[in-house]
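Asks: Structure: work12.tsv, TSV, C-alpha atoms.
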chain	number	residue	atom	x	y	z
A	555	MET	CA	9.36	9.79	1.31
A	556	GLU	CA	12.21	9.38	3.80
A	557	ASP	CA	9.90	7.49	6.16
A	558	LEU	CA	8.79	4.82	3.68
A	559	PHE	CA	10.32	2.01	5.71
A	560	ARG	CA	9.28	3.23	9.15
A	561	LEU	CA	6.70	1.18	11.05
A	562	ASP	CA	5.95	3.61	13.87
A	563	GLY	CA	2.52	3.01	15.39
A	564	LYS	CA	2.05	-0.32	13.60
A	565	VAL	CA	1.32	-3.53	15.50
A	566	ALA	CA	3.12	-6.62	14.21
A	567	LEU	CA	2.40	-10.23	15.19
A	568	VAL	CA	5.27	-12.66	14.55
A	569	MET	CA	4.29	-16.31	14.65
A	570	GLY	CA	7.29	-18.44	15.56
A	571	GLY	CA	8.71	-15.33	17.17
A	572	ALA	CA	11.05	-17.20	19.50
A	573	GLY	CA	12.69	-19.20	16.71
A	574	GLY	CA	16.01	-18.56	15.05
A	575	ILE	CA	14.50	-16.60	12.17
A	576	GLY	CA	11.33	-15.30	13.81
A	577	ARG	CA	13.20	-13.68	16.70
A	578	ARG	CA	15.42	-11.69	14.36
A	579	LEU	CA	12.50	-10.62	12.17
A	580	ALA	CA	10.66	-9.46	15.30
A	581	TYR	CA	13.77	-7.54	16.33
A	582	GLY	CA	13.97	-5.89	12.89
A	583	LEU	CA	10.32	-4.85	12.95
A	584	SER	CA	10.79	-3.38	16.42
A	585	LEU	CA	13.95	-1.58	15.33
A	586	TYR	CA	11.93	0.19	12.64
A	587	GLY	CA	9.27	1.30	15.10
A	588	ALA	CA	6.64	-1.45	15.20
A	589	ARG	CA	5.01	-2.58	18.41
A	590	VAL	CA	5.69	-6.30	18.30
A	591	VAL	CA	3.98	-9.42	19.64
A	592	VAL	CA	5.94	-12.66	19.46
A	593	SER	CA	3.95	-15.88	19.57
A	594	GLY	CA	4.64	-19.61	19.68
A	595	ARG	CA	4.08	-22.54	22.00
A	596	SER	CA	6.79	-21.97	24.62
A	597	ARG	CA	5.97	-19.15	27.03
A	598	GLU	CA	9.49	-19.20	28.47
A	599	ALA	CA	11.15	-18.89	25.07
A	600	LEU	CA	8.76	-16.10	24.06
A	601	LEU	CA	9.41	-14.14	27.25
A	602	ALA	CA	13.15	-14.44	26.67
A	603	ALA	CA	12.79	-13.26	23.06
A	604	ALA	CA	10.54	-10.34	23.99
A	605	GLY	CA	12.87	-9.29	26.78
A	606	GLU	CA	15.89	-9.38	24.48
A	607	ILE	CA	14.14	-7.29	21.83
A	608	ARG	CA	12.94	-4.70	24.36
A	609	ALA	CA	16.44	-4.40	25.80
A	610	ARG	CA	17.98	-3.78	22.37
A	611	THR	CA	15.37	-1.55	20.70
A	612	ARG	CA	13.49	-0.01	23.66
A	613	GLY	CA	10.34	-0.82	21.69
A	614	GLU	CA	7.10	-2.22	23.07
A	615	THR	CA	7.28	-6.00	22.78
A	616	ALA	CA	4.86	-8.59	24.18
A	617	ALA	CA	4.88	-12.38	24.41
A	618	MET	CA	1.58	-14.20	23.79
A	619	PRO	CA	1.68	-18.01	23.49
A	620	ALA	CA	-0.47	-19.87	20.96
A	621	ASP	CA	-0.45	-23.09	18.94
A	622	VAL	CA	-0.48	-22.16	15.28
A	623	THR	CA	-1.92	-25.56	14.31
A	624	ASP	CA	-5.00	-24.99	16.51
A	625	GLU	CA	-7.40	-22.48	14.97
A	626	SER	CA	-9.20	-21.69	18.23
A	627	SER	CA	-5.83	-20.93	19.84
A	628	VAL	CA	-4.86	-18.55	17.01
A	629	GLU	CA	-8.28	-16.92	17.05
A	630	ARG	CA	-7.88	-16.19	20.78
A	631	LEU	CA	-4.35	-14.90	20.15
A	632	VAL	CA	-5.47	-12.44	17.47
A	633	GLN	CA	-8.27	-11.19	19.71
A	634	GLU	CA	-5.80	-10.73	22.56
A	635	VAL	CA	-3.40	-8.82	20.31
A	636	VAL	CA	-6.16	-6.47	19.14
A	637	GLU	CA	-7.49	-5.91	22.65
A	638	THR	CA	-4.06	-5.46	24.28
A	639	MET	CA	-2.23	-3.55	21.54
A	640	GLY	CA	-5.19	-1.65	20.11
A	641	GLY	CA	-5.10	-3.24	16.68
A	642	LEU	CA	-3.11	-5.39	14.26
A	643	ASP	CA	-1.39	-4.23	11.07
A	644	ILE	CA	1.28	-6.79	10.20
A	645	LEU	CA	1.44	-10.58	10.35
A	646	VAL	CA	4.70	-12.50	9.89
A	647	ASN	CA	4.41	-16.27	9.62
A	648	ALA	CA	7.91	-17.35	10.65
A	649	GLN	CA	6.95	-20.71	12.14
A	650	GLY	CA	8.23	-23.83	10.45
A	651	VAL	CA	9.67	-27.31	10.83
A	652	ASN	CA	11.78	-29.53	8.60
A	653	ILE	CA	11.68	-33.30	8.99
A	654	LYS	CA	13.95	-35.12	6.57
A	655	ARG	CA	12.90	-38.65	5.58
A	656	ASP	CA	13.66	-40.97	2.69
A	657	ALA	CA	10.76	-40.74	0.26
A	658	PHE	CA	10.42	-44.53	0.06
A	659	GLU	CA	9.87	-44.69	3.82
A	660	PHE	CA	8.32	-41.30	4.65
A	661	PRO	CA	6.19	-41.86	7.80
A	662	VAL	CA	2.71	-40.42	7.37
A	663	GLU	CA	2.81	-38.90	10.85
A	664	ASP	CA	5.93	-36.91	9.94
A	665	TRP	CA	4.32	-35.77	6.69
A	666	ASP	CA	1.24	-34.67	8.63
A	667	GLN	CA	3.33	-32.73	11.14
A	668	LEU	CA	5.15	-30.87	8.37
A	669	PHE	CA	1.89	-29.86	6.74
A	670	ALA	CA	0.22	-29.05	10.06
A	671	VAL	CA	2.86	-26.46	11.02
A	672	ASN	CA	4.11	-25.17	7.67
A	673	VAL	CA	0.89	-25.15	5.66
A	674	LYS	CA	-2.15	-25.38	7.92
A	675	GLY	CA	-0.53	-23.08	10.48
A	676	THR	CA	0.24	-20.49	7.80
A	677	MET	CA	-3.32	-20.56	6.48
A	678	ILE	CA	-4.89	-20.40	9.94
A	679	ALA	CA	-2.83	-17.36	10.91
A	680	CYS	CA	-3.51	-15.64	7.57
A	681	LYS	CA	-7.24	-16.30	7.92
A	682	GLN	CA	-7.54	-14.98	11.46
A	683	ALA	CA	-5.33	-11.93	10.91
A	684	GLY	CA	-6.89	-11.34	7.50
A	685	ARG	CA	-10.33	-10.93	9.04
A	686	VAL	CA	-8.98	-8.16	11.25
A	687	PHE	CA	-7.20	-6.52	8.33
A	688	LYS	CA	-10.40	-6.57	6.28
A	689	GLU	CA	-12.25	-4.76	9.06
A	690	ARG	CA	-9.43	-2.25	9.51
A	691	GLY	CA	-9.07	-1.44	5.81
A	692	GLY	CA	-5.84	-3.27	5.06
A	693	GLY	CA	-2.74	-4.97	6.38
A	694	LYS	CA	0.53	-6.65	5.48
A	695	ILE	CA	1.21	-10.41	5.60
A	696	VAL	CA	4.72	-11.84	5.21
A	697	ASN	CA	4.89	-15.63	4.93
A	698	LEU	CA	8.06	-17.67	5.23
A	699	SER	CA	8.63	-19.76	2.12
A	700	SER	CA	11.98	-21.07	0.89
A	701	VAL	CA	13.97	-21.63	-2.26
A	702	ARG	CA	12.70	-25.17	-1.74
A	703	GLY	CA	9.24	-23.91	-2.63
A	704	ILE	CA	10.31	-23.66	-6.28
A	705	ARG	CA	13.32	-26.00	-6.41
A	706	GLY	CA	13.47	-29.61	-5.33
A	707	HIS	CA	16.33	-30.84	-3.18
A	708	ARG	CA	17.73	-34.24	-2.38
A	709	GLY	CA	18.40	-35.56	1.11
A	710	GLY	CA	14.93	-36.40	2.38
A	711	ASN	CA	13.26	-33.08	1.57
A	712	ALA	CA	10.14	-34.28	-0.27
A	713	GLY	CA	7.85	-33.23	2.58
A	714	TYR	CA	9.53	-29.91	3.31
A	715	CYS	CA	9.66	-28.88	-0.36
A	716	ALA	CA	5.99	-29.79	-0.76
A	717	THR	CA	5.00	-27.59	2.18
A	718	LYS	CA	6.95	-24.62	0.89
A	719	GLY	CA	5.42	-25.01	-2.55
A	720	ALA	CA	2.04	-24.87	-0.84
A	721	VAL	CA	3.03	-21.69	1.04
A	722	GLU	CA	4.01	-20.12	-2.30
A	723	LEU	CA	0.54	-20.72	-3.75
A	724	ILE	CA	-1.29	-19.75	-0.56
A	725	THR	CA	0.60	-16.46	-0.77
A	726	ARG	CA	-0.30	-15.82	-4.41
A	727	THR	CA	-3.92	-16.90	-4.09
A	728	LEU	CA	-4.63	-14.85	-0.96
A	729	ALA	CA	-2.95	-11.87	-2.61
A	730	LEU	CA	-5.47	-12.11	-5.45
A	731	GLU	CA	-8.51	-12.74	-3.26
A	732	TRP	CA	-7.67	-10.06	-0.70
A	733	ALA	CA	-6.31	-7.29	-2.94
A	734	PRO	CA	-9.72	-5.50	-2.96
A	735	TYR	CA	-9.39	-5.15	0.83
A	736	ARG	CA	-5.87	-3.67	0.61
A	737	ILE	CA	-4.43	-6.76	2.26
A	738	HIS	CA	-0.95	-7.36	0.86
A	739	VAL	CA	0.28	-10.97	0.99
A	740	ASN	CA	3.92	-11.67	0.15
A	741	ALA	CA	6.63	-14.09	1.20
A	742	LEU	CA	10.33	-14.43	1.92
A	743	GLY	CA	12.14	-17.29	0.18
A	744	PRO	CA	15.50	-17.81	1.85
A	745	ALA	CA	18.22	-20.26	0.98
A	746	LEU	CA	19.81	-22.06	3.93
A	747	ILE	CA	19.84	-19.78	6.96
A	748	ILE	CA	22.10	-20.64	9.89
A	749	THR	CA	19.98	-20.98	13.03
A	750	PRO	CA	20.32	-23.19	16.13
A	751	GLY	CA	18.65	-25.92	14.06
A	752	THR	CA	21.13	-25.70	11.17
A	753	VAL	CA	24.33	-24.55	12.88
A	754	HIS	CA	25.68	-28.11	12.55
A	755	ILE	CA	26.10	-27.40	8.83
A	756	ARG	CA	28.37	-24.41	9.45
A	757	ASN	CA	30.28	-26.42	12.05
A	758	ASN	CA	31.02	-29.16	9.51
A	759	PRO	CA	33.66	-27.73	7.14
A	760	LYS	CA	32.96	-30.23	4.34
A	761	LEU	CA	29.19	-29.79	4.52
A	762	ALA	CA	29.45	-26.02	4.84
A	763	GLU	CA	31.63	-25.83	1.74
A	764	GLU	CA	29.11	-27.92	-0.23
A	765	TYR	CA	26.37	-25.42	0.62
A	766	ARG	CA	28.58	-22.38	-0.02
A	767	ALA	CA	29.48	-23.75	-3.44
A	768	MET	CA	25.80	-23.51	-4.46
A	769	ILE	CA	25.55	-19.82	-3.49
A	770	PRO	CA	26.89	-17.31	-6.06
A	771	LEU	CA	27.68	-14.81	-3.29
A	772	GLY	CA	29.82	-17.50	-1.68
A	773	ARG	CA	28.54	-17.56	1.88
A	774	LEU	CA	25.83	-19.05	4.07
A	775	GLY	CA	22.81	-16.99	5.04
A	776	GLU	CA	22.21	-15.50	8.47
A	777	PRO	CA	18.85	-14.54	10.04
A	778	ASP	CA	19.75	-10.84	9.81
A	779	ASP	CA	19.91	-11.18	6.00
A	780	LEU	CA	16.10	-11.44	6.04
A	781	ILE	CA	15.39	-8.30	8.08
A	782	GLY	CA	15.60	-5.79	5.23
A	783	ALA	CA	13.24	-7.69	2.95
A	784	CYS	CA	10.80	-8.29	5.81
A	785	VAL	CA	10.72	-4.62	6.79
A	786	PHE	CA	10.19	-3.69	3.12
A	787	LEU	CA	7.20	-6.05	2.80
A	788	ALA	CA	5.73	-4.82	6.10
A	789	SER	CA	6.11	-1.11	5.33
A	790	ARG	CA	4.59	1.52	3.02
A	791	ALA	CA	7.55	0.94	0.71
A	792	SER	CA	5.77	-2.17	-0.63
A	793	ASP	CA	2.31	-0.67	-1.08
A	794	PHE	CA	2.23	-1.70	-4.76
A	795	VAL	CA	3.65	-5.19	-4.13
A	796	THR	CA	1.52	-8.26	-3.47
A	797	GLY	CA	1.61	-11.95	-4.36
A	798	GLN	CA	5.40	-11.95	-4.57
A	799	THR	CA	8.19	-13.95	-3.01
A	800	ILE	CA	11.51	-12.22	-2.40
A	801	TYR	CA	14.25	-14.85	-2.62
A	802	VAL	CA	16.92	-13.93	-0.11
A	803	ASP	CA	19.28	-16.58	-1.37
A	804	GLY	CA	22.65	-15.12	-2.33
A	805	GLY	CA	21.77	-15.60	-5.99
A	806	LEU	CA	20.92	-19.32	-5.78
A	807	THR	CA	17.72	-19.06	-7.86
A	808	ALA	CA	19.22	-16.68	-10.42
A	809	GLY	CA	20.37	-19.49	-12.67
As structure tokens, what does this structure read like?

Replies:
Amino acid sequence: MEDLFRLDGKVALVMGGAGGIGRRLAYGLSLYGARVVVSGRSREALLAAAGEIRARTRGETAAMPADVTDESSVERLVQEVVETMGGLDILVNAQGVNIKRDAFEFPVEDWDQLFAVNVKGTMIACKQAGRVFKERGGGKIVNLSSVRGIRGHRGGNAGYCATKGAVELITRTLALEWAPYRIHVNALGPALIITPGTVHIRNNPKLAEEYRAMIPLGRLGEPDDLIGACVFLASRASDFVTGQTIYVDGGLTAG
């Protein structure tokens, strides 16, 4: 039982693996023994992320570019992962964008981009990895949702909240459909996490205090706060868990 959280011998694919959250989740999976592939559109960023993870964990880490909104690109990626790494056991969908627009003026092209990356990209990756998992007798999928998937938020977030609500229901529905194949589908639902894209909030004392005031634990989230929950959902420790979202939110959704 002491090895419940170990991922030794498992192959994990992290979409958005060069991003602020994806990179740290990839690091955490590698730290617990997984052989990790980071994917995204920028080869240079992926190579930097993979090199950093290898240097810190000494684990096998590869960089394989792909466009998550292009199904043929993701299909080729999954095939490359299987051929190069010898299989695929874990998928983490950490890709995501947030475009804030006033709802009265929300440009359709921005709405489409949000849904292309956050929703279509999640479903494409789940579909392509899920086919491999079905053939291999099971697998673990961890999607990236948000507290905004179950709670609305002002400030131009109509599009982002809608996409995360969609990710919530993709997660639950695939969990039901794929349970007979031992494919576990769960999600992480963080509150605000400080990444290069949101560091301006922490650097603005007034804004940072507004966000902290909403969190019962009294602080802003960091990417490392998500590692434990991700490793749990990727490991044997969660073998009787599917269709769930773990809200890593400092207590925000508790009341």

Asks: Measuring atom to atom with all atoms listed in the file, identify which of A:Gly640, A:Gly782, A:Pro734, A:Gly713 is nearest to Trp665 in chain A.

Replies: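 Nearest to Trp665 in chain A: A:Gly713.
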
Asks: Counting only C-alpha atoms, what is within 12 Å of Asp666 in chain A, bar same-chain residues fewer than 3 positions away, as a PDB file with C-alpha atoms, in the frame of the given file?

Replies:
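Output contents, as saved in around-v3.pdb:
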ATOM      1  CA  THR A 623      -1.920 -25.560  14.310  1.00  0.00           C
ATOM      2  CA  VAL A 651       9.670 -27.310  10.830  1.00  0.00           C
ATOM      3  CA  ASN A 652      11.780 -29.530   8.600  1.00  0.00           C
ATOM      4  CA  ILE A 653      11.680 -33.300   8.990  1.00  0.00           C
ATOM      5  CA  PHE A 660       8.320 -41.300   4.650  1.00  0.00           C
ATOM      6  CA  PRO A 661       6.190 -41.860   7.800  1.00  0.00           C
ATOM      7  CA  VAL A 662       2.710 -40.420   7.370  1.00  0.00           C
ATOM      8  CA  GLU A 663       2.810 -38.900  10.850  1.00  0.00           C
ATOM      9  CA  PHE A 669       1.890 -29.860   6.740  1.00  0.00           C
ATOM     10  CA  ALA A 670       0.220 -29.050  10.060  1.00  0.00           C
ATOM     11  CA  VAL A 671       2.860 -26.460  11.020  1.00  0.00           C
ATOM     12  CA  ASN A 672       4.110 -25.170   7.670  1.00  0.00           C
ATOM     13  CA  VAL A 673       0.890 -25.150   5.660  1.00  0.00           C
ATOM     14  CA  LYS A 674      -2.150 -25.380   7.920  1.00  0.00           C
ATOM     15  CA  GLY A 675      -0.530 -23.080  10.480  1.00  0.00           C
ATOM     16  CA  GLY A 713       7.850 -33.230   2.580  1.00  0.00           C
ATOM     17  CA  TYR A 714       9.530 -29.910   3.310  1.00  0.00           C
ATOM     18  CA  ALA A 716       5.990 -29.790  -0.760  1.00  0.00           C
ATOM     19  CA  THR A 717       5.000 -27.590   2.180  1.00  0.00           C
TER      20      THR A 717
END

Asks: Taking into account only C-alpha atoms, which residue in the set A:Gly570, A:Arg577, A:Asn758, A:Leu645 is nearest to Arg608 in chain A?

Replies: A:Arg577

Asks: Using all atoms listed in the file, which protein or nucleic acid residues come within 8 Å of Ala648 in chain A? Drop anything in the same chain fewer than 3 positions from it, and give the result as a ChimeraX atom specification.

Replies: /A:568-571,573,575-576,697-698

Asks: Report the distance between CA of Tyr765 in chain A and CA of Arg726 in chain A in Å, rounded to one decimal place.

Replies: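 Straight-line distance from CA of Tyr765 in chain A to CA of Arg726 in chain A works out to 28.8 Å.
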
Asks: For a quick check of understanding, using only C-alpha atoms, which of A:Gln649, A:Gln633, A:Ser593, A:Thr749 has the smallest distance to Met618 in chain A?

Replies: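 Closest to Met618 in chain A of all the choices is A:Ser593.
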
Asks: Looking at A:Ala566, A:Leu601, A:Cys715, A:Ile724, which one is nearest to Leu585 in chain A, with distances taken over all atoms listed in the file?

Replies: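 For Leu585 in chain A, the nearest of the candidates is A:Ala566.
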
Asks: What separation in Å, quoted to one decimal, exists between CA of Gly797 in chain A and CA of Ser699 in chain A?

Replies: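 Spanning CA of Gly797 in chain A to CA of Ser699 in chain A is a straight-line distance of 12.3 Å.
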
Asks: Can you tell me which residues surround Leu631 in chain A at a distance of at most 12 Å, considering all atoms listed in the file, apart from same-chain residues fewer than 5 positions away, and format the answer as number ranges by chain?

Replies: A: 567-569, 591-595, 616-622, 624-626, 636-639, 642, 678-679, 682-683

Asks: Include C-alpha atoms and write out the residues we just selected as a PDB file, in the coordinates of the input.

Replies:
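Here's the written file part-v7.pdb:
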ATOM      1  CA  LEU A 567       2.400 -10.230  15.190  1.00  0.00           C
ATOM      2  CA  VAL A 568       5.270 -12.660  14.550  1.00  0.00           C
ATOM      3  CA  MET A 569       4.290 -16.310  14.650  1.00  0.00           C
ATOM      4  CA  VAL A 591       3.980  -9.420  19.640  1.00  0.00           C
ATOM      5  CA  VAL A 592       5.940 -12.660  19.460  1.00  0.00           C
ATOM      6  CA  SER A 593       3.950 -15.880  19.570  1.00  0.00           C
ATOM      7  CA  GLY A 594       4.640 -19.610  19.680  1.00  0.00           C
ATOM      8  CA  ARG A 595       4.080 -22.540  22.000  1.00  0.00           C
ATOM      9  CA  ALA A 616       4.860  -8.590  24.180  1.00  0.00           C
ATOM     10  CA  ALA A 617       4.880 -12.380  24.410  1.00  0.00           C
ATOM     11  CA  MET A 618       1.580 -14.200  23.790  1.00  0.00           C
ATOM     12  CA  PRO A 619       1.680 -18.010  23.490  1.00  0.00           C
ATOM     13  CA  ALA A 620      -0.470 -19.870  20.960  1.00  0.00           C
ATOM     14  CA  ASP A 621      -0.450 -23.090  18.940  1.00  0.00           C
ATOM     15  CA  VAL A 622      -0.480 -22.160  15.280  1.00  0.00           C
ATOM     16  CA  ASP A 624      -5.000 -24.990  16.510  1.00  0.00           C
ATOM     17  CA  GLU A 625      -7.400 -22.480  14.970  1.00  0.00           C
ATOM     18  CA  SER A 626      -9.200 -21.690  18.230  1.00  0.00           C
ATOM     19  CA  VAL A 636      -6.160  -6.470  19.140  1.00  0.00           C
ATOM     20  CA  GLU A 637      -7.490  -5.910  22.650  1.00  0.00           C
ATOM     21  CA  THR A 638      -4.060  -5.460  24.280  1.00  0.00           C
ATOM     22  CA  MET A 639      -2.230  -3.550  21.540  1.00  0.00           C
ATOM     23  CA  LEU A 642      -3.110  -5.390  14.260  1.00  0.00           C
ATOM     24  CA  ILE A 678      -4.890 -20.400   9.940  1.00  0.00           C
ATOM     25  CA  ALA A 679      -2.830 -17.360  10.910  1.00  0.00           C
ATOM     26  CA  GLN A 682      -7.540 -14.980  11.460  1.00  0.00           C
ATOM     27  CA  ALA A 683      -5.330 -11.930  10.910  1.00  0.00           C
TER      28      ALA A 683
END

Asks: So how many Å separate CA of Val721 in chain A and CA of Ile769 in chain A, to one decimal?

Replies: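 We find that CA of Val721 in chain A and CA of Ile769 in chain A lie 23.0 Å from each other.
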
Asks: With distances taken over only C-alpha atoms, which residue among A:Ala720, A:Val632, A:Leu561, A:Ile644 lies nearest Ile695 in chain A?

Replies: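 Closest to Ile695 in chain A of all the choices is A:Ile644.
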
Asks: Nearest to Ala808 in chain A: which of A:Val696, A:Leu787, A:Val701, A:Ala729 is it, counting all atoms listed in the file?

Replies: A:Val701

Asks: Give me the residues within 12 Å of Val795 in chain A as a PyMOL selection string, counting all atoms listed in the file and dropping any in the same chain fewer than 4 places off.

Replies: chain A and resi 694-696+726+729-730+733+736-741+786-791+799-800
